[in-house]
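**Q** The structure is given below, and queries will be raised subsequently.
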Amino acid sequence: MLTLRHVLLAGLVGCLTCGGYIPRALRAQAPTDLAATALTIAPQDVAFLLTAIDMRASWEAFAQGNFLKSLRRVEYVRELEQELLTQWEHPVGQIADFKSALRNPNVRDLLRLAADMGSHEFFVYGEDDWCDTIENLVAFQSEVMTQIQKDPSELEEFFNQLDRSTVDGLRVPTTIFGFRLTDDGVARQQLDALEGIIRVVGGQQEEVRPFLEKLHRRDLADGQTLTVTLDTSLIPLDEIDEDQRAAANKLLELLDGRSVSLALGVKSNLLLIGIGEGADLLEKVGEDSSKLIDHERMSVLKDAAVSNLRTIMFVSQRFRQSQWNANFAHYFRNLFVQFSLAIDSEADSEADEDGGIPDAEQWKAELLQDADRLDGMIAEVAPDFGDALGWSHAITGGSAGWSYDWGSNPLFESVHPMQILEHAGANSLYLLAFKQRAIPALNDLCDYVMERIPEHAERFIATAEQDEEERALALRVFKKAWPLVEEAAEIMRDKIAPALDDKQTLLSLSAAWTTRELGSDLPMAEQPLTLPELAIACKLRDR
């Protein structure tokens, strides 16, 4: 007997592949109306936006694609589909219960809403407050980790010394998710039902009632919203033990006036979900005077006049810069902090036995100097970030995409023609080709690392290995192996790299390999199934 999980899995495959979709040839059409997309909803200063347009057409294209066609040729899948149809016509057990539940009007309304949500446009965007939040959060996490490694017993004192300015930088960034609907009537009904269930069920639980007081409904001219706002008034001070009262008071002091809101709403044929610190998250969606569609970068998309647009992605210069600052601005210095704490810990543990590490402070000073030098080198190869815009659109054979970057990328450069494409073949499922730039600063960084590794590695081995014989053996092995590493690096730098100085690279995923066997416990496929092959090619000047 098939389980419900197996039947639903086969049902998904069957519905996508034989649910009555009629293949449609892509005909010449008018450009996609950008005014009917999320570009007219998101504010112009968003940190990022991603929208998927006409998801029904994307599902249909996927259903008619070679992947599902190949999958349905597998005997096991065909048998599963036939078993599904048989049990659906004569249901028993879980299948009968499931089919009966589908007759419930409430369930049907939910399914109608889900189908509507998955048929049109889905979008998500983050407002500009994401930028500062990322940098401040990473910096705060680094401070906490440093304190934990330094002295976990003083972590409470660390939090007690936090000031309001630090905490104010740790905000919940505003994020909006949206689904475009054909008719928002069903969505409004479900939102009303959800509010009723929450208030009835929650009202019966005394501990939930304070949260219900923070649940607010607001009727709009073109919809309605349901928002729950969490703030410090929900902290049950009377239930906190006396020894924890000081920490609670400190928390109240730091978060005074702050709140986090989670909102669900329907507005102008949109189903919206929002999270952030504003109490009117959804009410203000689409109300900004300047929209993303008016951004100067959108001119290239407007001029392209693309038909059958499927996705649009935009990332602001400020958001890209904040990500770099958070992750790489002080990368090696952050590593140094962690490593120096480990040295201090090891020195303290050995102090009781043999006087500890004699040159620990000198070692840390050299590590800090190296970390600052490496961070400076990383800064030299940092991209000059700009806004980024990309989109994809349907074509007869699948989809095509374009991307624009208004920054200067130090890693890649434009080239025409790209000769490496002569080796791409004609059956690629995925193809990526690029030309790298020559980056002297990156070579200097590698040379500096190779120069400094031996000294630090020998000190590390001498510190980590407690047994004298094991320490001597490890040092001998390192001293014999390191020259081989240096020789390999020299061959790469002086012989292989010059032969690759055209710096063109190709990555291709093709599907020329076929098989009839998927596994020892699966039947043979009647027709050969294609399997992926991966190839990487680099253009040589001197082979």
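Residues in the structure tokens are numbered from 1 in each chain, the chains being A, B, ... in the order shown, and ligands are numbered from 1 in the order shown.
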Using DSSP assignments from the backbone, pull out every residue in stretch 181-363 of chain A that falls under strand (DSSP E) and give it to me as a ChimeraX atom specification.

**A** /A:215-220,223-231,259-267,270-276,309-315

**Q** Pull N, CA and C atoms from the residues just selected and write them as a CSV table (one decimal), in the first residue's frame.

**A**
chain,number,residue,atom,x,y,z
A,215,LEU,N,-2.0,42.7,19.4
A,215,LEU,CA,-2.5,42.3,18.1
A,215,LEU,C,-3.5,43.3,17.6
A,216,HIS,N,-3.2,44.0,16.5
A,216,HIS,CA,-4.1,45.1,16.1
A,216,HIS,C,-4.5,44.8,14.6
A,217,ARG,N,-5.7,45.1,14.3
A,217,ARG,CA,-6.2,45.0,13.0
A,217,ARG,C,-6.5,46.4,12.5
A,218,ARG,N,-6.2,46.7,11.3
A,218,ARG,CA,-6.5,48.0,10.7
A,218,ARG,C,-7.1,47.8,9.3
A,219,ASP,N,-8.2,48.4,9.1
A,219,ASP,CA,-8.9,48.4,7.8
A,219,ASP,C,-8.4,49.6,7.0
A,220,LEU,N,-8.0,49.3,5.7
A,220,LEU,CA,-7.6,50.3,4.8
A,220,LEU,C,-8.6,50.5,3.7
A,223,GLY,N,-7.8,47.4,1.6
A,223,GLY,CA,-7.4,46.2,2.2
A,223,GLY,C,-7.5,46.2,3.7
A,224,GLN,N,-6.7,45.4,4.3
A,224,GLN,CA,-6.6,45.3,5.8
A,224,GLN,C,-5.3,44.7,6.2
A,225,THR,N,-4.9,45.0,7.4
A,225,THR,CA,-3.7,44.4,8.0
A,225,THR,C,-3.9,43.9,9.4
A,226,LEU,N,-3.1,42.9,9.8
A,226,LEU,CA,-3.1,42.3,11.1
A,226,LEU,C,-1.7,42.3,11.6
A,227,THR,N,-1.4,43.1,12.7
A,227,THR,CA,0.0,43.3,13.1
A,227,THR,C,0.1,43.0,14.6
A,228,VAL,N,1.1,42.2,15.0
A,228,VAL,CA,1.4,42.0,16.4
A,228,VAL,C,2.8,42.7,16.6
A,229,THR,N,2.8,43.5,17.7
A,229,THR,CA,3.9,44.3,18.0
A,229,THR,C,4.5,43.9,19.4
A,230,LEU,N,5.7,43.5,19.4
A,230,LEU,CA,6.4,43.0,20.6
A,230,LEU,C,7.3,44.1,21.2
A,231,ASP,N,7.1,44.4,22.5
A,231,ASP,CA,8.0,45.4,23.1
A,231,ASP,C,8.2,45.0,24.6
A,259,SER,N,10.6,48.3,19.5
A,259,SER,CA,9.6,47.3,19.3
A,259,SER,C,9.9,46.5,18.0
A,260,VAL,N,9.3,45.3,17.9
A,260,VAL,CA,9.4,44.5,16.7
A,260,VAL,C,8.0,44.2,16.3
A,261,SER,N,7.7,44.3,15.0
A,261,SER,CA,6.4,44.1,14.5
A,261,SER,C,6.5,43.0,13.4
A,262,LEU,N,5.5,42.1,13.5
A,262,LEU,CA,5.2,41.1,12.4
A,262,LEU,C,3.8,41.3,11.9
A,263,ALA,N,3.7,41.5,10.6
A,263,ALA,CA,2.5,41.9,10.0
A,263,ALA,C,2.1,41.1,8.8
A,264,LEU,N,0.8,40.8,8.7
A,264,LEU,CA,0.2,40.1,7.6
A,264,LEU,C,-1.0,40.9,7.1
A,265,GLY,N,-1.0,41.1,5.8
A,265,GLY,CA,-2.1,42.0,5.3
A,265,GLY,C,-2.4,41.8,3.8
A,266,VAL,N,-3.5,42.4,3.4
A,266,VAL,CA,-4.0,42.3,2.0
A,266,VAL,C,-4.2,43.8,1.6
A,267,LYS,N,-3.5,44.2,0.5
A,267,LYS,CA,-3.6,45.5,0.1
A,267,LYS,C,-3.5,45.6,-1.4
A,270,LEU,N,-2.6,42.5,-3.3
A,270,LEU,CA,-1.3,42.0,-2.8
A,270,LEU,C,-1.5,41.3,-1.5
A,271,LEU,N,-1.0,40.1,-1.3
A,271,LEU,CA,-0.8,39.5,0.0
A,271,LEU,C,0.6,39.8,0.5
A,272,LEU,N,0.7,40.5,1.7
A,272,LEU,CA,1.9,41.0,2.1
A,272,LEU,C,2.3,40.5,3.5
A,273,ILE,N,3.6,40.2,3.7
A,273,ILE,CA,4.1,39.8,5.0
A,273,ILE,C,5.3,40.7,5.3
A,274,GLY,N,5.3,41.3,6.5
A,274,GLY,CA,6.4,42.3,6.8
A,274,GLY,C,6.9,42.0,8.2
A,275,ILE,N,8.2,42.3,8.3
A,275,ILE,CA,8.8,42.2,9.7
A,275,ILE,C,9.8,43.4,9.8
A,276,GLY,N,9.8,44.1,10.9
A,276,GLY,CA,10.6,45.2,11.1
A,276,GLY,C,10.3,45.9,12.4
A,309,LEU,N,9.3,38.8,-19.4
A,309,LEU,CA,10.2,39.0,-18.3
A,309,LEU,C,9.8,38.0,-17.2
A,310,ARG,N,10.8,37.4,-16.6
A,310,ARG,CA,10.6,36.4,-15.6
A,310,ARG,C,11.1,36.8,-14.2
A,311,THR,N,12.3,37.4,-14.1
A,311,THR,CA,12.8,37.8,-12.8
A,311,THR,C,13.5,39.1,-13.0
A,312,ILE,N,13.6,39.9,-11.9
A,312,ILE,CA,14.3,41.1,-11.8
A,312,ILE,C,15.0,41.1,-10.4
A,313,MET,N,16.3,41.5,-10.4
A,313,MET,CA,17.1,41.6,-9.2
A,313,MET,C,17.8,42.9,-9.2
A,314,PHE,N,17.7,43.6,-8.0
A,314,PHE,CA,18.4,44.8,-7.8
A,314,PHE,C,19.1,44.8,-6.5
A,315,VAL,N,20.4,45.3,-6.4
A,315,VAL,CA,21.1,45.4,-5.2
A,315,VAL,C,21.8,46.7,-5.2

**Q** Determine, using only C-alpha atoms, which residues of stretch 416-490 of chain A have any atom at most 12 Å from an atom of stretch 323-339 of chain A, and tabulate each with its shortest atom pair and distance in Å to one decimal place, rows ordered by chain and then rising number, as a Markdown table.

**A**
| residue | atom | partner | partner_atom | distance |
| --- | --- | --- | --- | --- |
| A:Val449 | CA | A:Phe332 | CA | 11.8 |
| A:His456 | CA | A:Phe339 | CA | 11.5 |
| A:Phe460 | CA | A:Phe339 | CA | 10.5 |

**Q** Generate the output file for the selected residues, C-alpha atoms, as a short mmCIF file (atom, residue, chain, number, x, y, z; two decimals), in the first residue's frame.

**A**
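The result, written out as again_24.cif:
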data_model
loop_
_atom_site.label_atom_id
_atom_site.label_comp_id
_atom_site.auth_asym_id
_atom_site.auth_seq_id
_atom_site.Cartn_x
_atom_site.Cartn_y
_atom_site.Cartn_z
CA VAL A 449 51.63 34.62 3.18
CA HIS A 456 54.24 30.95 12.58
CA PHE A 460 52.41 26.79 16.53
#

**Q** Can you tell me which residues surround A:Asn308 at a distance of at most 7 Å, considering only C-alpha atoms, apart from same-chain residues fewer than 3 positions away, and format the answer as an NGL selection string?

**A** :A and (32 or 393-394)

**Q** Assign secondary structure with DSSP using the backbone only, and return the residues of stretch 202-338 of chain A in helix (DSSP H, G or I) as a PyMOL selection string.

**A** chain A and resi 202-203+209-212+232-234+237-239+242-255+292-294+296-304+317-328+331-338

**Q** Write out, as a CSV table (one decimal), in the first residue's frame, the residues just selected, with C-alpha atoms.

**A**
chain,number,residue,atom,x,y,z
A,202,GLY,CA,-5.5,32.7,22.6
A,203,GLY,CA,-8.1,34.3,24.8
A,209,ARG,CA,-3.6,37.4,26.6
A,210,PRO,CA,-0.9,40.1,26.9
A,211,PHE,CA,0.2,39.3,23.4
A,212,LEU,CA,-3.4,39.5,22.1
A,232,THR,CA,9.4,45.5,26.6
A,233,SER,CA,5.9,45.8,28.2
A,234,LEU,CA,5.5,42.0,27.6
A,237,LEU,CA,8.8,41.5,35.7
A,238,ASP,CA,6.8,40.1,38.5
A,239,GLU,CA,7.9,36.6,37.6
A,242,GLU,CA,15.4,38.8,42.4
A,243,ASP,CA,18.9,37.7,41.3
A,244,GLN,CA,17.9,38.3,37.7
A,245,ARG,CA,16.1,41.6,38.3
A,246,ALA,CA,19.2,43.7,37.6
A,247,ALA,CA,19.7,42.1,34.2
A,248,ALA,CA,16.0,42.6,33.4
A,249,ASN,CA,16.2,46.3,34.3
A,250,LYS,CA,19.3,46.7,32.2
A,251,LEU,CA,17.4,45.1,29.2
A,252,LEU,CA,14.5,47.5,29.8
A,253,GLU,CA,16.8,50.4,29.8
A,254,LEU,CA,18.5,49.4,26.6
A,255,LEU,CA,15.3,48.6,24.7
A,292,LEU,CA,12.4,51.8,-7.5
A,293,ILE,CA,11.0,52.0,-11.0
A,294,ASP,CA,12.1,55.7,-11.0
A,296,GLU,CA,18.2,55.9,-12.7
A,297,ARG,CA,19.6,52.4,-13.0
A,298,MET,CA,16.3,51.1,-14.3
A,299,SER,CA,16.8,53.0,-17.6
A,300,VAL,CA,18.7,50.1,-19.1
A,301,LEU,CA,15.8,47.7,-18.3
A,302,LYS,CA,13.3,50.2,-19.8
A,303,ASP,CA,15.4,50.6,-22.9
A,304,ALA,CA,15.8,46.8,-23.3
A,317,GLN,CA,25.7,50.0,-3.9
A,318,ARG,CA,25.4,50.8,-0.2
A,319,PHE,CA,24.2,47.2,0.6
A,320,ARG,CA,27.0,45.6,-1.3
A,321,GLN,CA,29.5,47.8,0.4
A,322,SER,CA,28.1,47.0,3.8
A,323,GLN,CA,28.4,43.3,3.1
A,324,TRP,CA,32.1,43.7,2.2
A,325,ASN,CA,32.7,45.9,5.3
A,326,ALA,CA,31.1,43.4,7.5
A,327,ASN,CA,32.9,40.3,6.2
A,328,PHE,CA,36.3,41.5,4.9
A,331,TYR,CA,39.0,39.9,8.3
A,332,PHE,CA,42.6,39.0,9.3
A,333,ARG,CA,42.5,41.3,12.4
A,334,ASN,CA,39.4,39.4,13.6
A,335,LEU,CA,41.3,36.1,13.0
A,336,PHE,CA,44.2,37.6,15.0
A,337,VAL,CA,41.9,38.3,18.0
A,338,GLN,CA,40.8,34.8,18.1

**Q** Out of A:Gly126, A:Ser307, A:Ser316, A:Leu500, which residue has the shortest atom-to-atom distance to A:Gln29 when counting only C-alpha atoms?

**A**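 For A:Gln29, the nearest of the candidates is A:Ser307.
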
**Q** A:Gly519, A:Gly376, A:Gly401, A:Pro383: which is nearest A:Asp444, counting only C-alpha atoms?

**A**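 So, comparing all the options, the nearest one is A:Gly376.
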
**Q** Please measure the separation of atom CA of A:Ser289 and atom CA of A:Glu277, giving the value in Å to one decimal.

**A**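 These two atoms are separated by 20.9 Å.
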
**Q** Go through A:Trp406, A:Lys539, A:Ile378, A:Ile197 one by one, measure the shortest atom-to-atom distance of each to A:Lys503 using only C-alpha atoms, and give the residue with the smallest value.

**A**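 Of the candidates, the smallest distance to A:Lys503 is held by A:Lys539.
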
**Q** With 12 Å as the cut-off and only C-alpha atoms counted, what is the closest atom pair between each nearby residue of stretch 489-519 of chain A and stretch 67-79 of chain A? Distances in Å to one decimal, ordered by chain and number, as a Markdown table.

**A**
| residue | atom | partner | partner_atom | distance |
| --- | --- | --- | --- | --- |
| A:Ala511 | CA | A:Phe67 | CA | 11.2 |
| A:Thr514 | CA | A:Ser70 | CA | 11.3 |
| A:Thr515 | CA | A:Ser70 | CA | 11.6 |
| A:Arg516 | CA | A:Val74 | CA | 9.3 |
| A:Glu517 | CA | A:Val74 | CA | 10.0 |
| A:Leu518 | CA | A:Val74 | CA | 9.0 |
| A:Gly519 | CA | A:Tyr76 | CA | 11.6 |

**Q** What does the structure give for the distance between atom CA of A:Leu341 and atom CA of A:Ser165, in Å to one decimal?

**A**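 The value is 27.1 Å.
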